[in-house]
file data-v8.tsv (TSV, C-alpha atoms)
chain	number	residue	atom	x	y	z
D	1	MET	CA	22.82	-1.58	1.37
D	2	GLU	CA	22.81	-4.81	3.36
D	3	SER	CA	19.83	-7.01	4.10
D	4	LYS	CA	20.79	-7.28	7.77
D	5	VAL	CA	20.30	-3.54	8.29
D	6	PHE	CA	16.72	-3.73	7.04
D	7	GLN	CA	16.11	-6.84	9.14
D	8	GLN	CA	17.46	-5.14	12.24
D	9	HIS	CA	15.14	-2.18	11.69
D	10	LEU	CA	12.19	-4.49	11.14
D	11	GLU	CA	12.88	-6.67	14.17
D	12	ASN	CA	14.25	-4.07	16.60
D	13	ASN	CA	12.10	-1.06	15.77
D	14	LEU	CA	8.96	-1.59	13.73
D	15	ILE	CA	7.72	-4.87	15.17
D	16	PRO	CA	8.24	-3.83	18.82
D	17	PHE	CA	6.48	-0.50	18.21
D	18	TRP	CA	3.42	-2.12	16.66
D	19	ASN	CA	3.34	-4.81	19.32
D	20	ARG	CA	2.64	-1.99	21.76
D	21	MET	CA	-0.40	-0.95	19.73
D	22	LYS	CA	-2.18	-4.25	20.39
D	23	ASP	CA	-5.52	-3.76	22.15
D	24	GLU	CA	-5.69	-6.65	24.60
D	25	ILE	CA	-9.15	-5.68	25.91
D	26	ASN	CA	-11.24	-4.85	22.84
D	27	GLY	CA	-9.28	-6.61	20.12
D	28	GLY	CA	-7.44	-5.33	17.09
D	29	PHE	CA	-5.00	-2.46	17.36
D	30	TYR	CA	-5.33	1.08	18.65
D	31	GLY	CA	-6.40	3.51	15.96
D	32	TYR	CA	-4.30	6.46	17.08
D	33	ALA	CA	-1.02	7.16	18.88
D	34	ASP	CA	0.50	10.61	19.34
D	35	ALA	CA	3.97	11.86	18.44
D	36	LYS	CA	5.41	10.04	21.45
D	37	GLY	CA	3.72	6.78	20.55
D	38	ILE	CA	1.19	7.00	23.36
D	39	PRO	CA	-2.05	5.37	22.16
D	40	ASP	CA	-5.55	6.73	22.57
D	41	ILE	CA	-7.25	3.55	23.75
D	42	LYS	CA	-10.70	4.82	22.75
D	43	SER	CA	-9.79	6.03	19.26
D	44	VAL	CA	-11.68	4.92	16.17
D	45	LYS	CA	-10.17	1.87	14.50
D	46	GLY	CA	-9.86	2.25	10.75
D	47	VAL	CA	-10.44	-0.99	8.90
D	48	ILE	CA	-7.68	-0.09	6.43
D	49	LEU	CA	-5.30	0.30	9.36
D	50	ASN	CA	-6.26	-3.05	10.88
D	51	SER	CA	-6.13	-4.81	7.49
D	52	ARG	CA	-2.67	-3.44	6.86
D	53	ILE	CA	-1.54	-4.58	10.31
D	54	LEU	CA	-2.86	-8.08	9.57
D	55	TRP	CA	-0.90	-8.05	6.31
D	56	PHE	CA	2.22	-6.83	8.15
D	57	TYR	CA	2.31	-9.55	10.79
D	58	SER	CA	1.31	-12.27	8.33
D	59	SER	CA	4.08	-11.28	5.92
D	60	ALA	CA	6.64	-10.82	8.69
D	61	TYR	CA	5.87	-14.32	9.93
D	62	GLN	CA	6.32	-15.77	6.44
D	63	LEU	CA	9.75	-14.14	6.28
D	64	LEU	CA	11.05	-14.56	9.83
D	65	ARG	CA	9.09	-17.63	11.00
D	66	LYS	CA	8.80	-16.42	14.57
D	67	PRO	CA	5.70	-17.88	16.28
D	68	GLU	CA	4.91	-14.65	18.12
D	69	LEU	CA	4.37	-12.91	14.78
D	70	LEU	CA	1.75	-15.45	13.78
D	71	GLU	CA	0.08	-14.94	17.16
D	72	MET	CA	-0.16	-11.22	16.42
D	73	ALA	CA	-1.58	-12.00	12.98
D	74	ASP	CA	-4.14	-14.31	14.62
D	75	HIS	CA	-5.15	-11.43	16.91
D	76	ALA	CA	-5.54	-9.05	13.96
D	77	TYR	CA	-7.48	-11.64	11.95
D	78	LYS	CA	-9.97	-12.29	14.74
D	79	PHE	CA	-10.78	-8.58	15.04
D	80	LEU	CA	-11.22	-8.17	11.29
D	81	VAL	CA	-13.57	-11.15	11.09
D	82	ASP	CA	-15.53	-10.45	14.28
D	83	PHE	CA	-16.12	-6.72	13.87
D	84	CYS	CA	-15.27	-5.37	10.41
D	85	PHE	CA	-17.42	-7.51	8.10
D	86	ASP	CA	-21.02	-6.55	7.38
D	87	SER	CA	-23.08	-9.74	7.67
D	88	GLN	CA	-26.15	-8.09	6.17
D	89	TYR	CA	-24.89	-6.34	3.02
D	90	GLY	CA	-21.44	-7.84	2.61
D	91	GLY	CA	-18.03	-6.21	2.45
D	92	VAL	CA	-16.07	-4.50	5.20
D	93	TYR	CA	-16.86	-1.19	6.86
D	94	TRP	CA	-14.70	1.91	6.67
D	95	SER	CA	-14.17	2.09	10.45
D	96	VAL	CA	-15.37	0.79	13.79
D	97	ASN	CA	-15.24	2.28	17.27
D	98	TYR	CA	-12.67	1.20	19.83
D	99	ASP	CA	-15.04	-1.52	21.10
D	100	GLY	CA	-15.82	-2.88	17.63
D	101	THR	CA	-19.22	-1.23	17.13
D	102	VAL	CA	-19.71	0.30	13.70
D	103	CYS	CA	-18.49	3.88	13.33
D	104	ASP	CA	-18.55	4.60	9.57
D	105	ASP	CA	-20.47	2.05	7.50
D	106	THR	CA	-19.23	3.38	4.15
D	107	LYS	CA	-18.21	0.65	1.74
D	108	HIS	CA	-15.17	1.68	-0.29
D	109	THR	CA	-13.51	-0.40	-2.98
D	110	TYR	CA	-10.10	0.62	-1.66
D	111	ASN	CA	-11.01	-0.79	1.73
D	112	GLN	CA	-12.29	-4.09	0.30
D	113	ALA	CA	-9.01	-4.43	-1.59
D	114	PHE	CA	-6.85	-4.08	1.50
D	115	ALA	CA	-8.88	-6.67	3.33
D	116	ILE	CA	-8.27	-9.08	0.41
D	117	TYR	CA	-4.56	-8.23	0.58
D	118	ALA	CA	-4.46	-8.96	4.30
D	119	LEU	CA	-6.53	-12.15	4.19
D	120	SER	CA	-4.46	-13.54	1.33
D	121	ALA	CA	-1.24	-12.97	3.25
D	122	TYR	CA	-2.76	-14.42	6.41
D	123	TYR	CA	-3.86	-17.54	4.54
D	124	GLN	CA	-0.29	-18.05	3.30
D	125	ALA	CA	1.01	-17.63	6.85
D	126	SER	CA	-1.60	-19.65	8.75
D	127	LYS	CA	-2.93	-22.06	6.10
D	128	ARG	CA	-6.43	-21.37	7.46
D	129	ARG	CA	-8.73	-22.01	4.53
D	130	GLU	CA	-11.49	-19.79	5.92
D	131	ALA	CA	-9.22	-16.76	5.46
D	132	LEU	CA	-8.81	-17.56	1.77
D	133	ASN	CA	-12.56	-18.11	1.46
D	134	LEU	CA	-13.20	-14.65	2.94
D	135	ALA	CA	-10.71	-13.14	0.50
D	136	TYR	CA	-12.71	-14.66	-2.34
D	137	VAL	CA	-15.96	-13.36	-0.85
D	138	LEU	CA	-14.51	-9.83	-1.01
D	139	TYR	CA	-13.15	-10.46	-4.49
D	140	ARG	CA	-16.71	-11.21	-5.59
D	141	VAL	CA	-17.95	-8.09	-3.82
D	142	ILE	CA	-15.55	-5.92	-5.82
D	143	GLU	CA	-16.18	-7.65	-9.13
D	144	GLU	CA	-19.96	-7.72	-8.78
D	145	LYS	CA	-20.73	-4.50	-6.89
D	146	CYS	CA	-17.82	-2.10	-7.34
D	147	ARG	CA	-17.24	-1.88	-11.07
D	148	ASP	CA	-18.88	-0.98	-14.35
D	149	ASN	CA	-18.00	-1.63	-17.98
D	150	ASN	CA	-15.16	0.90	-17.92
D	151	GLY	CA	-13.39	0.00	-14.71
D	152	TYR	CA	-13.61	0.17	-10.95
D	153	LEU	CA	-15.80	2.56	-8.98
D	154	GLU	CA	-14.97	3.94	-5.56
D	155	ALA	CA	-17.41	4.83	-2.80
D	156	PHE	CA	-20.72	3.29	-1.73
D	157	LYS	CA	-23.23	3.47	1.06
D	158	ARG	CA	-23.60	0.49	3.35
D	159	ASP	CA	-25.94	-1.29	0.90
D	160	PHE	CA	-23.57	-0.62	-2.04
D	161	THR	CA	-25.63	2.12	-3.61
D	162	PRO	CA	-23.20	4.70	-5.08
D	163	SER	CA	-21.94	7.50	-2.86
D	164	SER	CA	-19.65	10.53	-3.19
D	165	ASN	CA	-15.93	9.79	-3.13
D	166	GLU	CA	-14.61	12.39	-0.68
D	167	LYS	CA	-12.46	9.82	1.10
D	168	LEU	CA	-10.06	9.31	-1.82
D	169	SER	CA	-10.41	12.64	-3.60
D	170	GLU	CA	-7.98	15.51	-3.04
D	171	ASN	CA	-6.56	18.62	-4.71
D	172	GLY	CA	-9.95	20.21	-5.17
D	173	VAL	CA	-11.48	17.52	-7.39
D	174	LEU	CA	-14.15	14.93	-6.68
D	175	ALA	CA	-13.10	11.82	-8.57
D	176	GLU	CA	-15.37	9.00	-9.72
D	177	CYS	CA	-12.33	6.77	-10.32
D	178	THR	CA	-8.77	6.99	-9.00
D	179	MET	CA	-5.41	5.53	-9.90
D	180	ASN	CA	-4.82	4.90	-6.19
D	181	THR	CA	-7.76	2.52	-5.80
D	182	LEU	CA	-6.97	0.74	-9.05
D	183	LEU	CA	-3.37	0.24	-7.96
D	184	HIS	CA	-4.37	-1.34	-4.68
D	185	ILE	CA	-6.91	-3.63	-6.31
D	186	LEU	CA	-4.04	-4.81	-8.51
D	187	GLU	CA	-1.87	-5.29	-5.43
D	188	ALA	CA	-4.62	-7.22	-3.60
D	189	TYR	CA	-5.45	-9.45	-6.55
D	190	SER	CA	-1.75	-10.17	-7.07
D	191	GLU	CA	-1.47	-11.33	-3.45
D	192	LEU	CA	-4.65	-13.42	-3.81
D	193	TYR	CA	-3.37	-15.00	-7.02
D	194	ASN	CA	-0.03	-15.70	-5.39
D	195	ALA	CA	-1.88	-17.48	-2.58
D	196	ASP	CA	-4.20	-19.40	-4.91
D	197	PRO	CA	-3.72	-19.03	-8.69
D	198	PHE	CA	-7.37	-19.11	-9.72
D	199	TYR	CA	-7.86	-18.24	-13.39
D	200	GLU	CA	-10.62	-15.66	-12.81
D	201	VAL	CA	-8.35	-13.63	-10.54
D	202	GLY	CA	-5.63	-13.88	-13.17
D	203	ASP	CA	-8.03	-12.53	-15.78
D	204	SER	CA	-8.92	-9.66	-13.43
D	205	ILE	CA	-5.23	-8.82	-13.03
D	206	ARG	CA	-4.80	-8.73	-16.80
D	207	ASN	CA	-7.83	-6.45	-17.10
D	208	ILE	CA	-6.37	-4.04	-14.55
D	209	LEU	CA	-3.00	-4.03	-16.28
D	210	ARG	CA	-4.76	-3.10	-19.51
D	211	LEU	CA	-6.60	-0.29	-17.70
D	212	PHE	CA	-3.26	1.10	-16.60
D	213	GLU	CA	-1.90	0.78	-20.12
D	214	ASN	CA	-4.88	2.27	-21.95
D	215	LYS	CA	-6.44	4.71	-19.48
D	216	VAL	CA	-4.14	5.61	-16.59
D	217	TYR	CA	-0.59	5.74	-17.94
D	218	ASP	CA	0.40	8.78	-20.00
D	219	SER	CA	3.08	7.38	-22.30
D	220	GLU	CA	4.21	10.83	-23.44
D	221	LYS	CA	4.87	12.13	-19.91
D	222	GLN	CA	5.70	8.66	-18.53
D	223	ILE	CA	3.44	9.24	-15.53
D	224	CYS	CA	0.10	7.96	-14.25
D	225	ASP	CA	-2.83	10.33	-14.19
D	226	VAL	CA	-4.44	10.35	-10.76
D	227	PHE	CA	-8.11	11.38	-10.72
D	228	PHE	CA	-10.73	10.51	-13.35
D	229	ASP	CA	-14.38	10.77	-14.28
D	230	LEU	CA	-16.44	7.64	-15.00
D	231	ASP	CA	-14.97	7.38	-18.52
D	232	TYR	CA	-11.39	7.64	-17.20
D	233	HIS	CA	-10.85	11.16	-18.49
D	234	SER	CA	-8.22	12.83	-16.33
D	235	LEU	CA	-9.58	15.62	-14.12
D	236	ILE	CA	-6.38	17.41	-13.12
D	237	ASP	CA	-2.75	17.93	-14.13
D	238	LEU	CA	-1.33	16.07	-11.14
D	239	GLU	CA	1.76	13.92	-10.82
D	240	SER	CA	1.91	11.81	-7.66
D	241	PHE	CA	5.58	10.88	-7.42
D	242	GLY	CA	5.19	8.26	-4.71
D	243	HIS	CA	2.34	6.51	-6.49
D	244	ASP	CA	4.28	6.45	-9.76
D	245	ILE	CA	7.33	4.72	-8.31
D	246	GLU	CA	5.08	2.38	-6.32
D	247	THR	CA	3.07	1.56	-9.45
D	248	SER	CA	6.27	0.75	-11.32
D	249	TRP	CA	7.17	-2.13	-9.05
D	250	LEU	CA	3.61	-3.28	-8.29
D	251	ILE	CA	2.84	-3.66	-12.01
D	252	ASP	CA	6.04	-5.68	-12.23
D	253	ARG	CA	4.85	-7.78	-9.28
D	254	GLY	CA	1.49	-8.37	-10.94
D	255	CYS	CA	3.17	-9.59	-14.12
D	256	SER	CA	5.50	-11.81	-12.07
D	257	VAL	CA	2.74	-13.63	-10.21
D	258	LEU	CA	0.93	-14.24	-13.50
D	259	GLU	CA	4.11	-15.78	-14.94
D	260	ASP	CA	2.94	-14.34	-18.25
D	261	LYS	CA	5.92	-13.37	-20.42
D	262	ALA	CA	3.72	-11.63	-22.97
D	263	TYR	CA	2.27	-9.30	-20.36
D	264	GLN	CA	5.71	-8.76	-18.83
D	265	LYS	CA	6.99	-7.62	-22.21
D	266	GLU	CA	3.93	-5.47	-22.87
D	267	MET	CA	4.10	-3.74	-19.49
D	268	GLN	CA	7.87	-3.22	-19.47
D	269	PRO	CA	7.72	0.25	-21.07
D	270	ILE	CA	5.34	1.35	-18.29
D	271	ILE	CA	7.47	-0.20	-15.54
D	272	ASN	CA	10.60	1.47	-16.90
D	273	GLY	CA	8.90	4.74	-17.81
D	274	LEU	CA	7.44	5.33	-14.37
D	275	ALA	CA	10.78	4.69	-12.68
D	276	GLU	CA	12.58	6.99	-15.09
D	277	SER	CA	10.07	9.84	-14.71
D	278	ALA	CA	10.16	9.53	-10.91
D	279	TYR	CA	13.94	9.73	-11.00
D	280	ARG	CA	13.93	12.62	-13.47
D	281	ASN	CA	11.06	14.68	-12.05
D	282	ALA	CA	10.89	13.87	-8.34
D	283	PHE	CA	14.27	13.02	-6.88
D	284	ASP	CA	15.61	15.96	-4.86
D	285	LYS	CA	19.38	15.68	-5.26
D	286	HIS	CA	20.00	18.23	-2.49
D	287	GLN	CA	17.95	16.39	0.11
D	288	ASN	CA	18.51	12.91	-1.37
D	289	ALA	CA	14.81	12.11	-1.06
D	290	LEU	CA	11.70	12.06	-3.22
D	291	ASN	CA	9.37	15.04	-3.38
D	292	ASN	CA	5.66	14.50	-2.83
D	293	GLU	CA	3.81	15.63	-5.94
D	294	ARG	CA	3.44	18.18	-8.72
D	295	GLU	CA	0.19	19.98	-9.46
D	296	GLY	CA	0.49	22.14	-12.56
D	297	LYS	CA	3.78	23.97	-12.18
D	298	HIS	CA	3.89	23.73	-8.39
D	299	VAL	CA	6.02	21.03	-6.79
D	300	ASP	CA	5.23	19.97	-3.24
D	301	ASN	CA	8.67	19.21	-1.82
D	302	GLN	CA	7.59	17.72	1.48
D	303	LYS	CA	9.24	14.39	2.15
D	304	ILE	CA	6.41	12.01	3.05
D	305	TRP	CA	7.28	8.79	4.88
D	306	TRP	CA	5.48	6.34	2.61
D	307	VAL	CA	6.84	7.99	-0.53
D	308	GLN	CA	10.38	7.38	0.67
D	309	ALA	CA	9.60	3.75	1.55
D	310	GLU	CA	8.13	3.01	-1.86
D	311	SER	CA	11.04	4.80	-3.55
D	312	VAL	CA	13.63	2.50	-2.00
D	313	VAL	CA	11.81	-0.57	-3.30
D	314	GLY	CA	10.82	1.01	-6.61
D	315	PHE	CA	14.26	2.26	-7.58
D	316	TYR	CA	15.95	-0.94	-6.45
D	317	ASN	CA	13.44	-2.92	-8.52
D	318	ALA	CA	14.17	-0.65	-11.51
D	319	TYR	CA	17.89	-1.30	-11.03
D	320	GLN	CA	17.25	-5.06	-10.93
D	321	LYS	CA	15.35	-4.79	-14.21
D	322	ASN	CA	18.01	-2.53	-15.75
D	323	PRO	CA	21.43	-3.26	-14.13
D	324	GLN	CA	23.13	-0.76	-16.40
D	325	LYS	CA	21.12	2.01	-14.73
D	326	THR	CA	23.32	2.27	-11.65
D	327	GLU	CA	21.78	5.67	-10.88
D	328	TYR	CA	18.68	3.79	-9.68
D	329	LEU	CA	20.74	1.77	-7.22
D	330	HIS	CA	22.50	4.89	-5.95
D	331	THR	CA	19.14	6.67	-5.58
D	332	ALA	CA	17.69	3.82	-3.51
D	333	GLU	CA	20.81	3.91	-1.31
D	334	LYS	CA	20.61	7.68	-0.82
D	335	ILE	CA	16.91	7.62	0.04
D	336	TRP	CA	17.48	4.85	2.59
D	337	GLU	CA	20.21	6.99	4.15
D	338	PHE	CA	17.80	9.94	4.26
D	339	ILE	CA	15.22	7.74	5.97
D	340	GLN	CA	17.71	6.58	8.59
D	341	ASN	CA	18.88	10.13	9.33
D	342	ASN	CA	15.58	12.00	9.14
D	343	VAL	CA	12.46	9.86	9.04
D	344	ILE	CA	12.93	7.15	11.65
D	345	ASP	CA	11.93	8.49	15.06
D	346	SER	CA	14.83	7.62	17.35
D	347	ALA	CA	12.65	7.42	20.45
D	348	SER	CA	9.91	5.10	19.18
D	349	GLY	CA	11.44	3.37	16.17
D	350	GLU	CA	8.42	4.28	14.01
D	351	TRP	CA	8.60	6.74	11.11
D	352	ILE	CA	7.75	10.44	11.17
D	353	GLU	CA	4.99	11.12	8.67
D	354	SER	CA	6.21	14.30	6.96
D	355	ILE	CA	9.55	16.10	6.78
D	356	PRO	CA	9.17	19.68	5.50
D	357	ALA	CA	11.82	21.24	3.29
D	358	ASP	CA	13.27	23.24	6.19
D	359	HIS	CA	13.26	20.14	8.46
D	360	GLU	CA	11.26	22.09	11.07
D	361	LEU	CA	9.08	19.22	12.21
D	362	ASP	CA	5.52	19.56	13.42
D	363	SER	CA	5.86	18.21	16.94
D	364	LYS	CA	2.25	17.00	16.91
D	365	GLN	CA	2.55	14.54	14.03
D	366	ALA	CA	0.85	11.32	15.07
D	367	LEU	CA	2.77	8.07	14.73
D	368	VAL	CA	-0.45	6.08	14.31
D	369	HIS	CA	-3.72	7.12	12.67
D	370	PRO	CA	-6.11	5.52	10.15
D	371	TRP	CA	-3.60	6.01	7.29
D	372	LYS	CA	-0.37	5.61	9.29
D	373	CYS	CA	0.58	2.00	9.69
D	374	PRO	CA	3.43	-0.53	9.26
D	375	TYR	CA	2.49	-1.36	5.68
D	376	HIS	CA	4.79	0.86	3.58
D	377	ASN	CA	7.84	0.85	5.81
D	378	GLY	CA	7.38	-2.74	6.93
D	379	ARG	CA	6.96	-3.88	3.35
D	380	MET	CA	10.04	-1.95	2.31
D	381	CYS	CA	12.09	-3.81	4.92
D	382	MET	CA	10.73	-7.20	3.88
D	383	GLU	CA	11.17	-6.53	0.17
D	384	MET	CA	14.74	-5.34	0.62
D	385	ILE	CA	15.66	-8.24	2.92
D	386	GLN	CA	14.51	-10.70	0.26
D	387	ARG	CA	15.98	-8.86	-2.71
D	388	LEU	CA	19.38	-8.18	-1.12
D	389	SER	CA	19.62	-11.70	0.27
D	390	GLN	CA	19.34	-13.06	-3.26
D	391	VAL	CA	22.45	-11.20	-4.39
D	392	SER	CA	24.60	-11.55	-1.28

call {"tool": "encode", "arguments": {"input": "data-v8.tsv", "output": "structure tokens"}}
result
Amino acid sequence: MESKVFQQHLENNLIPFWNRMKDEINGGFYGYADAKGIPDIKSVKGVILNSRILWFYSSAYQLLRKPELLEMADHAYKFLVDFCFDSQYGGVYWSVNYDGTVCDDTKHTYNQAFAIYALSAYYQASKRREALNLAYVLYRVIEEKCRDNNGYLEAFKRDFTPSSNEKLSENGVLAECTMNTLLHILEAYSELYNADPFYEVGDSIRNILRLFENKVYDSEKQICDVFFDLDYHSLIDLESFGHDIETSWLIDRGCSVLEDKAYQKEMQPIINGLAESAYRNAFDKHQNALNNEREGKHVDNQKIWWVQAESVVGFYNAYQKNPQKTEYLHTAEKIWEFIQNNVIDSASGEWIESIPADHELDSKQALVHPWKCPYHNGRMCMEMIQRLSQVS
């Protein structure tokens, strides 16, 4: 693998595609584009989508230093601030209509976290102090309104009274707490701490790492449980392969920004264990890609776009931590080859969401929707550019 290949994909494919999703009239970015990349200009705009796009352009600017990328980040930031924040009750909404009016006023912890992630990256790119201040406002929202003595809660009504968590529950369970939300709070706080190493945020990161260690990570199976009740009792025998390999490197990232050697040592068995179980349980050696998940004895062998993106970074990170484990390097290389041959849409440059086992694609798979964005694949490119450049 060479850093220039990832940079070419980022600059020649992903950035141009998402540039075309810019809504020049109503602000932000279109919330939906079909399989040909044709946007629905009146589609609902998910706040997660627009936060992730703000993160993407902010981070791309920090790496590539091209002024037009900062201009796109400015555009994304203005929409987030003008239309997605609730001035009455605080926090950000779940979604707004194409013109910025409120569509779904649900307050979800997951959504607050991604806005923190985006604002922290934008502050580092733009040096605009108000962006950092807003990130701290949302940090306080999560810490004061979205948690209890055990950990972090999920879904709320507009005024932050508790609500049912359908939005992040799947597989027939209704979860009070999820590994997914906890992971992305960790990710957001790590980015905030990297932007401004405030001790309270550092303490919050340590608390989340301990939650993973004591409640989420199953040391016997070397996997993370996924869905929980309020006391963090697991609700289902479910192994989310993509989340496990993503968690491996994001826990490592959290420890790195803390610059805490004690935590790095304490978390190393989790970092290594998750990578090893993903390699052992999830890597499809026939397809050279990662399967989606296992529920009970059933393995879902769809090849999901974001799972492949996180696998490239996760396995390469595991190889960097354990250079003797060359199988991790080879796995990252093989998955990247699979992505190039099967996942990247040759016409648009964006990624196809799901590749079934028989490779008979659903021709109606959207290239953009509230969960389909340049965050996973864009981040993979940026991570690999930086990591490979350090060894070249």

call {"tool": "residues_around", "arguments": {"input": "data-v8.tsv", "residues": "Asp225 of chain D", "least_positions_apart": "4", "cutoff": "10 Å", "atoms": "all atoms listed in the file", "output": "PDB file with C-alpha atoms, in the frame of the given file"}}
result
ATOM      1  CA  THR D 178      -8.770   6.990  -9.000  1.00  0.00           C
ATOM      2  CA  MET D 179      -5.410   5.530  -9.900  1.00  0.00           C
ATOM      3  CA  ASN D 180      -4.820   4.900  -6.190  1.00  0.00           C
ATOM      4  CA  PHE D 212      -3.260   1.100 -16.600  1.00  0.00           C
ATOM      5  CA  LYS D 215      -6.440   4.710 -19.480  1.00  0.00           C
ATOM      6  CA  VAL D 216      -4.140   5.610 -16.590  1.00  0.00           C
ATOM      7  CA  TYR D 217      -0.590   5.740 -17.940  1.00  0.00           C
ATOM      8  CA  ASP D 218       0.400   8.780 -20.000  1.00  0.00           C
ATOM      9  CA  LYS D 221       4.870  12.130 -19.910  1.00  0.00           C
ATOM     10  CA  TYR D 232     -11.390   7.640 -17.200  1.00  0.00           C
ATOM     11  CA  HIS D 233     -10.850  11.160 -18.490  1.00  0.00           C
ATOM     12  CA  SER D 234      -8.220  12.830 -16.330  1.00  0.00           C
ATOM     13  CA  LEU D 235      -9.580  15.620 -14.120  1.00  0.00           C
ATOM     14  CA  ILE D 236      -6.380  17.410 -13.120  1.00  0.00           C
ATOM     15  CA  ASP D 237      -2.750  17.930 -14.130  1.00  0.00           C
ATOM     16  CA  LEU D 238      -1.330  16.070 -11.140  1.00  0.00           C
ATOM     17  CA  GLU D 239       1.760  13.920 -10.820  1.00  0.00           C
ATOM     18  CA  SER D 240       1.910  11.810  -7.660  1.00  0.00           C
ATOM     19  CA  ASP D 244       4.280   6.450  -9.760  1.00  0.00           C
TER      20      ASP D 244
END

call {"tool": "closest_residue", "arguments": {"input": "data-v8.tsv", "among": "D:Gln287, D:Gln365, D:Asn207, D:Gln302", "to": "Thr331 of chain D", "atoms": "all atoms listed in the file"}}
result
D:Gln287

call {"tool": "closest_residue", "arguments": {"input": "data-v8.tsv", "among": "D:Asn150, D:Ser190, D:Gln222, D:Asn281", "to": "Gly254 of chain D", "atoms": "only C-alpha atoms"}}
result
D:Ser190

call {"tool": "closest_residue", "arguments": {"input": "data-v8.tsv", "among": "D:Val368, D:Met382, D:Ile208, D:Ala175", "to": "Tyr263 of chain D", "atoms": "only C-alpha atoms"}}
result
D:Ile208

call {"tool": "closest_atom_pairs", "arguments": {"input": "data-v8.tsv", "of": "segment 269-372 of chain D", "to": "segment 7-13 of chain D", "cutoff": "10 Å", "atoms": "only C-alpha atoms", "output": "JSON lines"}}
result
{"residue": "D:Gln340", "atom": "CA", "partner": "D:His9", "partner_atom": "CA", "distance": 9.6}
{"residue": "D:Ile344", "atom": "CA", "partner": "D:Asn13", "partner_atom": "CA", "distance": 9.2}
{"residue": "D:Asp345", "atom": "CA", "partner": "D:Asn13", "partner_atom": "CA", "distance": 9.6}
{"residue": "D:Ser346", "atom": "CA", "partner": "D:Asn13", "partner_atom": "CA", "distance": 9.2}
{"residue": "D:Ala347", "atom": "CA", "partner": "D:Asn13", "partner_atom": "CA", "distance": 9.7}
{"residue": "D:Ser348", "atom": "CA", "partner": "D:Asn13", "partner_atom": "CA", "distance": 7.4}
{"residue": "D:Gly349", "atom": "CA", "partner": "D:Asn13", "partner_atom": "CA", "distance": 4.5}
{"residue": "D:Glu350", "atom": "CA", "partner": "D:Asn13", "partner_atom": "CA", "distance": 6.7}
{"residue": "D:Trp351", "atom": "CA", "partner": "D:Asn13", "partner_atom": "CA", "distance": 9.7}

call {"tool": "residues_around", "arguments": {"input": "data-v8.tsv", "residues": "Gly314 of chain D", "least_positions_apart": "5", "cutoff": "9 Å", "atoms": "only C-alpha atoms", "output": "tab-separated table (two decimals) with C-alpha atoms, in the coordinates of the input"}}
result
chain	number	residue	atom	x	y	z
D	245	ILE	CA	7.33	4.72	-8.31
D	246	GLU	CA	5.08	2.38	-6.32
D	247	THR	CA	3.07	1.56	-9.45
D	248	SER	CA	6.27	0.75	-11.32
D	249	TRP	CA	7.17	-2.13	-9.05
D	250	LEU	CA	3.61	-3.28	-8.29
D	275	ALA	CA	10.78	4.69	-12.68
D	309	ALA	CA	9.60	3.75	1.55
D	319	TYR	CA	17.89	-1.30	-11.03
D	328	TYR	CA	18.68	3.79	-9.68
D	332	ALA	CA	17.69	3.82	-3.51

call {"tool": "residues_around", "arguments": {"input": "data-v8.tsv", "residues": "Gly90 of chain D", "least_positions_apart": "5", "cutoff": "10 Å", "atoms": "only C-alpha atoms", "output": "JSON, numbers by chain"}}
result
{"D": [85, 107, 137, 138, 141, 158, 159, 160]}

call {"tool": "closest_residue", "arguments": {"input": "data-v8.tsv", "among": "D:Leu258, D:Arg52, D:Gly31, D:Leu69", "to": "Pro16 of chain D", "atoms": "only C-alpha atoms"}}
result
D:Leu69

call {"tool": "residues_around", "arguments": {"input": "data-v8.tsv", "residues": "segment 194-198 of chain D", "least_positions_apart": "4", "cutoff": "9 Å", "atoms": "only C-alpha atoms", "output": "PyMOL selection string"}}
result
chain D and resi 120-121+123-124+132+189-190+202-203+257-258

call {"tool": "closest_residue", "arguments": {"input": "data-v8.tsv", "among": "D:Tyr117, D:Trp55, D:Tyr98, D:Trp371", "to": "Cys84 of chain D", "atoms": "only C-alpha atoms"}}
result
D:Tyr98

call {"tool": "closest_residue", "arguments": {"input": "data-v8.tsv", "among": "D:Arg128, D:Arg65, D:Arg147, D:His243", "to": "Tyr77 of chain D", "atoms": "all atoms listed in the file"}}
result
D:Arg128

call {"tool": "residues_around", "arguments": {"input": "data-v8.tsv", "residues": "Leu186 of chain D", "least_positions_apart": "5", "cutoff": "9 Å", "atoms": "all atoms listed in the file", "output": "list in words"}}
result
Ala113, Thr181, Glu191, Ser204, Ile205, Ile208, Leu209, Leu250, Ile251 and Gly254 of chain D

call {"tool": "axis_aligned_box", "arguments": {"input": "data-v8.tsv", "around": "segment 323-329 of chain D", "padding_each_side": "6 Å", "output": "AutoDock Vina command-line options"}}
result
--center_x 21.0 --center_y 1.2 --center_z -11.8 --size_x 16.6 --size_y 20.9 --size_z 21.2

call {"tool": "atom_distance", "arguments": {"input": "data-v8.tsv", "atom1": "atom CA of Leu182 of chain D", "atom2": "atom CA of Asp300 of chain D"}}
result
23.5 Å

call {"tool": "atom_distance", "arguments": {"input": "data-v8.tsv", "atom1": "atom CA of Ala289 of chain D", "atom2": "atom CA of Met21 of chain D"}}
result
28.9 Å

call {"tool": "atom_distance", "arguments": {"input": "data-v8.tsv", "atom1": "atom CA of His359 of chain D", "atom2": "atom CA of Asn301 of chain D"}}
result
11.3 Å

call {"tool": "residues_near_point", "arguments": {"input": "data-v8.tsv", "point": "(-2.1, -4.8, 18.6)", "cutoff": "10 Å", "atoms": "only C-alpha atoms", "output": "list in words"}}
result
Phe17, Trp18, Asn19, Arg20, Met21, Lys22, Asp23, Glu24, Gly27, Gly28, Phe29, Tyr30, Gly31, Asn50, Ile53, Leu54, Met72, Ala73, His75 and Ala76 of chain D
